[in-house]
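What's in my_file.cif: mmCIF, C-alpha atoms
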```
data_work
#
loop_
_atom_site.group_PDB
_atom_site.id
_atom_site.type_symbol
_atom_site.label_atom_id
_atom_site.label_comp_id
_atom_site.auth_asym_id
_atom_site.auth_seq_id
_atom_site.Cartn_x
_atom_site.Cartn_y
_atom_site.Cartn_z
ATOM 1 C CA LEU X 23 -28.077 -6.180 14.563
ATOM 2 C CA ARG X 24 -30.649 -8.834 15.360
ATOM 3 C CA ASP X 25 -28.187 -10.808 17.467
ATOM 4 C CA ALA X 26 -27.268 -7.656 19.394
ATOM 5 C CA GLY X 27 -30.945 -6.809 19.955
ATOM 6 C CA LEU X 28 -30.659 -3.584 17.964
ATOM 7 C CA PRO X 29 -33.530 -2.282 15.818
ATOM 8 C CA LEU X 30 -33.298 -2.138 12.050
ATOM 9 C CA GLU X 31 -35.715 0.391 10.636
ATOM 10 C CA ASP X 32 -36.754 0.289 6.994
ATOM 11 C CA ARG X 33 -36.468 4.065 6.746
ATOM 12 C CA HIS X 34 -32.686 3.730 7.156
ATOM 13 C CA LEU X 35 -32.237 1.130 4.399
ATOM 14 C CA LEU X 36 -31.289 1.651 0.776
ATOM 15 C CA TRP X 37 -32.514 -1.138 -1.468
ATOM 16 C CA PHE X 38 -31.189 -1.285 -5.004
ATOM 17 C CA SER X 39 -31.354 -3.601 -7.982
ATOM 18 C CA SER X 40 -28.512 -4.836 -10.173
ATOM 19 C CA GLU X 41 -29.537 -2.231 -12.738
ATOM 20 C CA ASP X 42 -29.406 0.529 -10.092
ATOM 21 C CA ARG X 43 -25.959 -0.701 -9.064
ATOM 22 C CA ARG X 44 -24.692 -0.566 -12.637
ATOM 23 C CA GLU X 45 -26.054 2.954 -13.070
ATOM 24 C CA LEU X 46 -24.475 4.066 -9.792
ATOM 25 C CA LEU X 47 -21.063 2.470 -10.254
ATOM 26 C CA ASP X 48 -20.603 2.210 -14.017
ATOM 27 C CA GLY X 49 -22.689 5.185 -15.087
ATOM 28 C CA GLY X 50 -21.520 7.542 -12.371
ATOM 29 C CA ASN X 51 -25.094 8.458 -11.359
ATOM 30 C CA ALA X 52 -24.721 9.313 -7.681
ATOM 31 C CA ALA X 53 -28.305 10.576 -7.206
ATOM 32 C CA MET X 54 -29.338 7.402 -5.369
ATOM 33 C CA LEU X 55 -26.553 7.759 -2.777
ATOM 34 C CA GLN X 56 -27.119 11.498 -2.477
ATOM 35 C CA HIS X 57 -30.804 10.838 -1.702
ATOM 36 C CA PHE X 58 -29.788 8.192 0.838
ATOM 37 C CA ILE X 59 -27.387 10.593 2.550
ATOM 38 C CA ARG X 60 -29.922 13.400 2.677
ATOM 39 C CA TYR X 61 -33.091 11.513 3.668
ATOM 40 C CA ARG X 62 -32.226 8.101 5.114
ATOM 41 C CA LEU X 63 -28.843 8.419 6.808
ATOM 42 C CA PRO X 64 -29.595 11.281 9.243
ATOM 43 C CA GLY X 65 -29.785 9.930 12.782
ATOM 44 C CA CYS X 66 -27.503 6.988 11.970
ATOM 45 C CA THR X 67 -23.974 6.651 13.303
ATOM 46 C CA ALA X 68 -22.898 4.035 10.751
ATOM 47 C CA ALA X 69 -23.619 2.561 7.327
ATOM 48 C CA VAL X 70 -22.928 -1.085 6.536
ATOM 49 C CA CYS X 71 -22.736 -1.553 2.787
ATOM 50 C CA TYR X 72 -23.428 -4.495 0.494
ATOM 51 C CA ASN X 73 -19.750 -4.621 -0.511
ATOM 52 C CA ASP X 74 -16.597 -2.507 -0.549
ATOM 53 C CA GLU X 75 -17.431 -1.079 -3.976
ATOM 54 C CA ILE X 76 -20.680 0.454 -2.660
ATOM 55 C CA ALA X 77 -18.915 1.562 0.555
ATOM 56 C CA TYR X 78 -16.256 3.289 -1.558
ATOM 57 C CA ALA X 79 -18.938 5.144 -3.552
ATOM 58 C CA LEU X 80 -20.720 6.120 -0.326
ATOM 59 C CA VAL X 81 -17.521 7.480 1.244
ATOM 60 C CA CYS X 82 -16.891 9.567 -1.902
ATOM 61 C CA GLN X 83 -20.434 10.996 -1.755
ATOM 62 C CA LEU X 84 -20.206 11.648 1.986
ATOM 63 C CA LYS X 85 -16.968 13.570 1.462
ATOM 64 C CA ALA X 86 -18.561 15.535 -1.406
ATOM 65 C CA ALA X 87 -21.447 16.431 0.949
ATOM 66 C CA GLY X 88 -18.993 17.627 3.604
ATOM 67 C CA ILE X 89 -19.759 14.745 5.976
ATOM 68 C CA ALA X 90 -16.683 13.438 7.810
ATOM 69 C CA VAL X 91 -15.974 9.708 7.853
ATOM 70 C CA PRO X 92 -15.801 8.324 10.550
ATOM 71 C CA GLN X 93 -16.264 11.403 12.765
ATOM 72 C CA SER X 94 -19.891 11.923 11.660
ATOM 73 C CA VAL X 95 -20.697 8.477 10.280
ATOM 74 C CA SER X 96 -18.774 5.206 10.147
ATOM 75 C CA VAL X 97 -18.798 3.176 6.917
ATOM 76 C CA ALA X 98 -18.059 -0.532 6.521
ATOM 77 C CA GLY X 99 -18.204 -2.933 3.613
ATOM 78 C CA PHE X 100 -17.713 -6.589 2.744
ATOM 79 C CA ASP X 101 -15.113 -8.435 0.629
ATOM 80 C CA ASN X 102 -11.825 -6.782 1.690
ATOM 81 C CA SER X 103 -11.390 -5.862 -1.960
ATOM 82 C CA THR X 104 -9.017 -3.356 -3.556
ATOM 83 C CA TYR X 105 -11.693 -0.695 -2.985
ATOM 84 C CA SER X 106 -11.161 -0.967 0.762
ATOM 85 C CA ALA X 107 -7.552 0.213 0.425
ATOM 86 C CA LEU X 108 -8.156 2.733 -2.404
ATOM 87 C CA SER X 109 -11.015 4.547 -0.687
ATOM 88 C CA PRO X 110 -10.377 8.189 0.304
ATOM 89 C CA VAL X 111 -10.816 6.866 3.851
ATOM 90 C CA PRO X 112 -9.535 3.262 4.031
ATOM 91 C CA LEU X 113 -12.537 0.990 4.643
ATOM 92 C CA THR X 114 -13.268 -1.313 7.525
ATOM 93 C CA THR X 115 -14.449 -4.528 5.900
ATOM 94 C CA MET X 116 -15.538 -8.093 6.565
ATOM 95 C CA SER X 117 -14.264 -11.049 4.557
ATOM 96 C CA HIS X 118 -13.745 -14.771 4.678
ATOM 97 C CA ASP X 119 -11.112 -17.088 3.281
ATOM 98 C CA MET X 120 -12.273 -17.445 -0.329
ATOM 99 C CA ASN X 121 -10.118 -20.526 -0.963
ATOM 100 C CA ARG X 122 -11.553 -22.333 2.042
ATOM 101 C CA LEU X 123 -15.065 -21.250 1.092
ATOM 102 C CA GLY X 124 -14.572 -22.453 -2.496
ATOM 103 C CA ARG X 125 -13.292 -25.837 -1.292
ATOM 104 C CA ARG X 126 -16.237 -26.184 1.088
ATOM 105 C CA VAL X 127 -18.757 -25.345 -1.650
ATOM 106 C CA ALA X 128 -17.112 -27.886 -3.989
ATOM 107 C CA GLU X 129 -17.243 -30.542 -1.242
ATOM 108 C CA LEU X 130 -20.938 -29.852 -0.628
ATOM 109 C CA LEU X 131 -21.671 -30.000 -4.354
ATOM 110 C CA LEU X 132 -19.816 -33.297 -4.799
ATOM 111 C CA ALA X 133 -21.564 -34.781 -1.766
ATOM 112 C CA ARG X 134 -24.928 -33.753 -3.171
ATOM 113 C CA MET X 135 -24.058 -35.224 -6.575
ATOM 114 C CA ARG X 136 -23.156 -38.532 -4.844
ATOM 115 C CA GLY X 137 -26.464 -38.423 -2.996
ATOM 116 C CA THR X 138 -24.704 -38.094 0.343
ATOM 117 C CA ALA X 139 -26.440 -36.045 2.991
ATOM 118 C CA SER X 140 -24.497 -32.904 3.723
ATOM 119 C CA ARG X 141 -25.069 -29.893 5.863
ATOM 120 C CA PRO X 142 -23.748 -26.387 5.250
ATOM 121 C CA VAL X 143 -21.162 -25.257 7.757
ATOM 122 C CA PRO X 144 -20.939 -21.533 8.552
ATOM 123 C CA GLU X 145 -17.678 -19.963 7.433
ATOM 124 C CA PRO X 146 -15.979 -17.598 9.893
ATOM 125 C CA TRP X 147 -15.694 -13.937 8.963
ATOM 126 C CA THR X 148 -12.609 -11.802 9.462
ATOM 127 C CA LEU X 149 -12.973 -8.162 10.445
ATOM 128 C CA THR X 150 -10.321 -5.840 9.041
ATOM 129 C CA VAL X 151 -10.548 -2.519 10.878
ATOM 130 C CA ARG X 152 -9.350 0.542 8.999
ATOM 131 C CA ASP X 153 -9.982 4.282 9.260
ATOM 132 C CA SER X 154 -13.640 4.385 8.116
ATOM 133 C CA THR X 155 -15.108 3.338 11.461
ATOM 134 C CA ALA X 156 -15.082 4.874 14.903
ATOM 135 C CA PRO X 157 -16.197 3.432 18.234
ATOM 136 C CA PRO X 158 -19.889 3.976 18.990
ATOM 137 C CA PRO X 159 -20.566 7.250 20.849
ATOM 138 C CA ALA X 160 -21.162 5.473 24.182
ATOM 139 C CA ALA X 161 -17.752 3.787 23.930
ATOM 140 C CA GLN X 162 -15.805 6.964 23.150
ATOM 141 C CA LYS X 163 -13.901 8.622 25.969
ATOM 142 C CA THR X 164 -14.925 12.170 26.798
#
```
What would the structure in this file look like if it were written as structure tokens?
Amino acid sequence: LRDAGLPLEDRHLLWFSSEDRRELLDGGNAAMLQHFIRYRLPGCTAAVCYNDEIAYALVCQLKAAGIAVPQSVSVAGFDNSTYSALSPVPLTTMSHDMNRLGRRVAELLLARMRGTASRPVPEPWTLTVRDSTAPPPAAQKT
């Protein structure tokens, strides 16, 4: 958003702790997402989630609230996990090559252990577009 010059308003964010996440996903307590949908999501055309697991839970709650994905709101996640394919609406997701990332992290760690100067190198992301996202309203044909 920053790179595109788009605003990010706190009132549209949902912050949660690891304990909140466990309660939401493991305990089945959807109150946090329901509150987000009712009070923070209105006026937004999309939700970008922490990972596919949270995106999956959000899609389920949106459907339960009668909100169409992606017609009313697009949803995207990260990881390209099994959740992205199992979601009631298959999820658009971002991921990177985990093997390459693991090798790069190991190389950086070994270099540091040897006392060799090393610099992190950004890993490229891959966008997998599925049914949970729609073009922005300005890009849609009328």
Out of X:Ser109, X:Asn102, X:Ala133, X:Ala128, which residue has the shortest atom-to-atom distance to X:Leu149 when counting all atoms listed in the file?
X:Asn102
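Take the candidates X:Ser140, X:Ile59, X:Trp147, X:Glu75 and check each one against X:Leu47 using only C-alpha atoms; the shortest distance goes to X:Glu75.
The set of residues that the PyMOL selection byres ((chain X and resi 30-35) around 9) takes from this file is X:Leu23, X:Arg24, X:Leu28, X:Pro29, X:Leu36, X:Trp37, X:Phe58, X:Tyr61, X:Arg62, X:Leu63, X:Pro64, X:Gly65, X:Cys66.
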Stretch 76-88 of chain X surroundings by only C-alpha atoms, 9 Å radius, close-in-sequence under 5 positions cut, as an mmCIF file with C-alpha atoms, in the frame of the given file:
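Result saved to around38.cif:
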```cif
data_model
loop_
_atom_site.group_PDB
_atom_site.id
_atom_site.type_symbol
_atom_site.label_atom_id
_atom_site.label_comp_id
_atom_site.auth_asym_id
_atom_site.auth_seq_id
_atom_site.Cartn_x
_atom_site.Cartn_y
_atom_site.Cartn_z
ATOM 1 C CA ARG X 43 -25.959 -0.701 -9.064
ATOM 2 C CA LEU X 46 -24.475 4.066 -9.792
ATOM 3 C CA LEU X 47 -21.063 2.470 -10.254
ATOM 4 C CA ALA X 52 -24.721 9.313 -7.681
ATOM 5 C CA LEU X 55 -26.553 7.759 -2.777
ATOM 6 C CA GLN X 56 -27.119 11.498 -2.477
ATOM 7 C CA ILE X 59 -27.387 10.593 2.550
ATOM 8 C CA ALA X 69 -23.619 2.561 7.327
ATOM 9 C CA VAL X 70 -22.928 -1.085 6.536
ATOM 10 C CA CYS X 71 -22.736 -1.553 2.787
ATOM 11 C CA VAL X 95 -20.697 8.477 10.280
ATOM 12 C CA VAL X 97 -18.798 3.176 6.917
ATOM 13 C CA ALA X 98 -18.059 -0.532 6.521
ATOM 14 C CA GLY X 99 -18.204 -2.933 3.613
ATOM 15 C CA PHE X 100 -17.713 -6.589 2.744
ATOM 16 C CA TYR X 105 -11.693 -0.695 -2.985
ATOM 17 C CA SER X 106 -11.161 -0.967 0.762
ATOM 18 C CA LEU X 108 -8.156 2.733 -2.404
ATOM 19 C CA SER X 109 -11.015 4.547 -0.687
ATOM 20 C CA PRO X 110 -10.377 8.189 0.304
ATOM 21 C CA VAL X 111 -10.816 6.866 3.851
ATOM 22 C CA PRO X 112 -9.535 3.262 4.031
ATOM 23 C CA LEU X 113 -12.537 0.990 4.643
ATOM 24 C CA SER X 154 -13.640 4.385 8.116
#
```
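Distances here use all atoms listed in the file; by that measure, the residue among X:Arg141, X:Arg60, X:Asp101, X:Ala90 closest to X:Thr155 is X:Ala90.
From atom CA of X:Ala107 back to atom CA of X:Arg122, the distance works out to 23.0 Å.
The space between atom CA of X:Arg44 and atom CA of X:Met120 spans 24.3 Å.
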What is the atom CA of X:Leu123 to atom CA of X:Glu145 distance in Å?
7.0 Å
How would stretch 116-133 of chain X look with N, CA, C and O atoms restored, written as an mmCIF file, keeping the file's coordinate frame?
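Once written, selection_29.cif looks like this:
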```cif
data_model
loop_
_atom_site.group_PDB
_atom_site.id
_atom_site.type_symbol
_atom_site.label_atom_id
_atom_site.label_comp_id
_atom_site.auth_asym_id
_atom_site.auth_seq_id
_atom_site.Cartn_x
_atom_site.Cartn_y
_atom_site.Cartn_z
ATOM 1 N N MET X 116 -15.417 -6.703 6.123
ATOM 2 C CA MET X 116 -15.538 -8.093 6.565
ATOM 3 C C MET X 116 -15.232 -9.001 5.376
ATOM 4 O O MET X 116 -15.617 -8.691 4.251
ATOM 5 N N SER X 117 -14.550 -10.108 5.638
ATOM 6 C CA SER X 117 -14.264 -11.049 4.557
ATOM 7 C C SER X 117 -14.112 -12.448 5.137
ATOM 8 O O SER X 117 -14.050 -12.622 6.346
ATOM 9 N N HIS X 118 -14.080 -13.420 4.245
ATOM 10 C CA HIS X 118 -13.745 -14.771 4.678
ATOM 11 C C HIS X 118 -12.754 -15.369 3.683
ATOM 12 O O HIS X 118 -12.559 -14.848 2.598
ATOM 13 N N ASP X 119 -12.124 -16.437 4.091
ATOM 14 C CA ASP X 119 -11.112 -17.088 3.281
ATOM 15 C C ASP X 119 -11.791 -17.672 2.042
ATOM 16 O O ASP X 119 -12.484 -18.691 2.125
ATOM 17 N N MET X 120 -11.595 -17.036 0.898
ATOM 18 C CA MET X 120 -12.273 -17.445 -0.329
ATOM 19 C C MET X 120 -11.827 -18.830 -0.781
ATOM 20 O O MET X 120 -12.631 -19.584 -1.331
ATOM 21 N N ASN X 121 -10.575 -19.186 -0.581
ATOM 22 C CA ASN X 121 -10.118 -20.526 -0.963
ATOM 23 C C ASN X 121 -10.818 -21.596 -0.128
ATOM 24 O O ASN X 121 -11.290 -22.600 -0.669
ATOM 25 N N ARG X 122 -10.880 -21.371 1.166
ATOM 26 C CA ARG X 122 -11.553 -22.333 2.042
ATOM 27 C C ARG X 122 -13.040 -22.412 1.701
ATOM 28 O O ARG X 122 -13.614 -23.498 1.636
ATOM 29 N N LEU X 123 -13.654 -21.275 1.451
ATOM 30 C CA LEU X 123 -15.065 -21.250 1.092
ATOM 31 C C LEU X 123 -15.298 -22.001 -0.226
ATOM 32 O O LEU X 123 -16.224 -22.801 -0.335
ATOM 33 N N GLY X 124 -14.445 -21.761 -1.211
ATOM 34 C CA GLY X 124 -14.572 -22.453 -2.496
ATOM 35 C C GLY X 124 -14.439 -23.961 -2.348
ATOM 36 O O GLY X 124 -15.201 -24.729 -2.947
ATOM 37 N N ARG X 125 -13.467 -24.398 -1.541
ATOM 38 C CA ARG X 125 -13.292 -25.837 -1.292
ATOM 39 C C ARG X 125 -14.533 -26.419 -0.628
ATOM 40 O O ARG X 125 -15.009 -27.499 -1.000
ATOM 41 N N ARG X 126 -15.058 -25.703 0.352
ATOM 42 C CA ARG X 126 -16.237 -26.184 1.088
ATOM 43 C C ARG X 126 -17.448 -26.285 0.162
ATOM 44 O O ARG X 126 -18.193 -27.255 0.211
ATOM 45 N N VAL X 127 -17.642 -25.314 -0.692
ATOM 46 C CA VAL X 127 -18.757 -25.345 -1.650
ATOM 47 C C VAL X 127 -18.593 -26.528 -2.600
ATOM 48 O O VAL X 127 -19.551 -27.258 -2.875
ATOM 49 N N ALA X 128 -17.368 -26.752 -3.097
ATOM 50 C CA ALA X 128 -17.112 -27.886 -3.989
ATOM 51 C C ALA X 128 -17.395 -29.206 -3.270
ATOM 52 O O ALA X 128 -18.006 -30.116 -3.848
ATOM 53 N N GLU X 129 -16.978 -29.324 -2.011
ATOM 54 C CA GLU X 129 -17.243 -30.542 -1.242
ATOM 55 C C GLU X 129 -18.744 -30.781 -1.092
ATOM 56 O O GLU X 129 -19.229 -31.907 -1.251
ATOM 57 N N LEU X 130 -19.486 -29.727 -0.780
ATOM 58 C CA LEU X 130 -20.938 -29.852 -0.628
ATOM 59 C C LEU X 130 -21.590 -30.258 -1.946
ATOM 60 O O LEU X 130 -22.494 -31.100 -1.975
ATOM 61 N N LEU X 131 -21.128 -29.678 -3.034
ATOM 62 C CA LEU X 131 -21.671 -30.000 -4.354
ATOM 63 C C LEU X 131 -21.394 -31.460 -4.708
ATOM 64 O O LEU X 131 -22.295 -32.178 -5.178
ATOM 65 N N LEU X 132 -20.173 -31.911 -4.505
ATOM 66 C CA LEU X 132 -19.816 -33.297 -4.799
ATOM 67 C C LEU X 132 -20.609 -34.257 -3.928
ATOM 68 O O LEU X 132 -21.081 -35.304 -4.405
ATOM 69 N N ALA X 133 -20.773 -33.934 -2.668
ATOM 70 C CA ALA X 133 -21.564 -34.781 -1.766
ATOM 71 C C ALA X 133 -23.003 -34.871 -2.259
ATOM 72 O O ALA X 133 -23.599 -35.958 -2.282
#
```
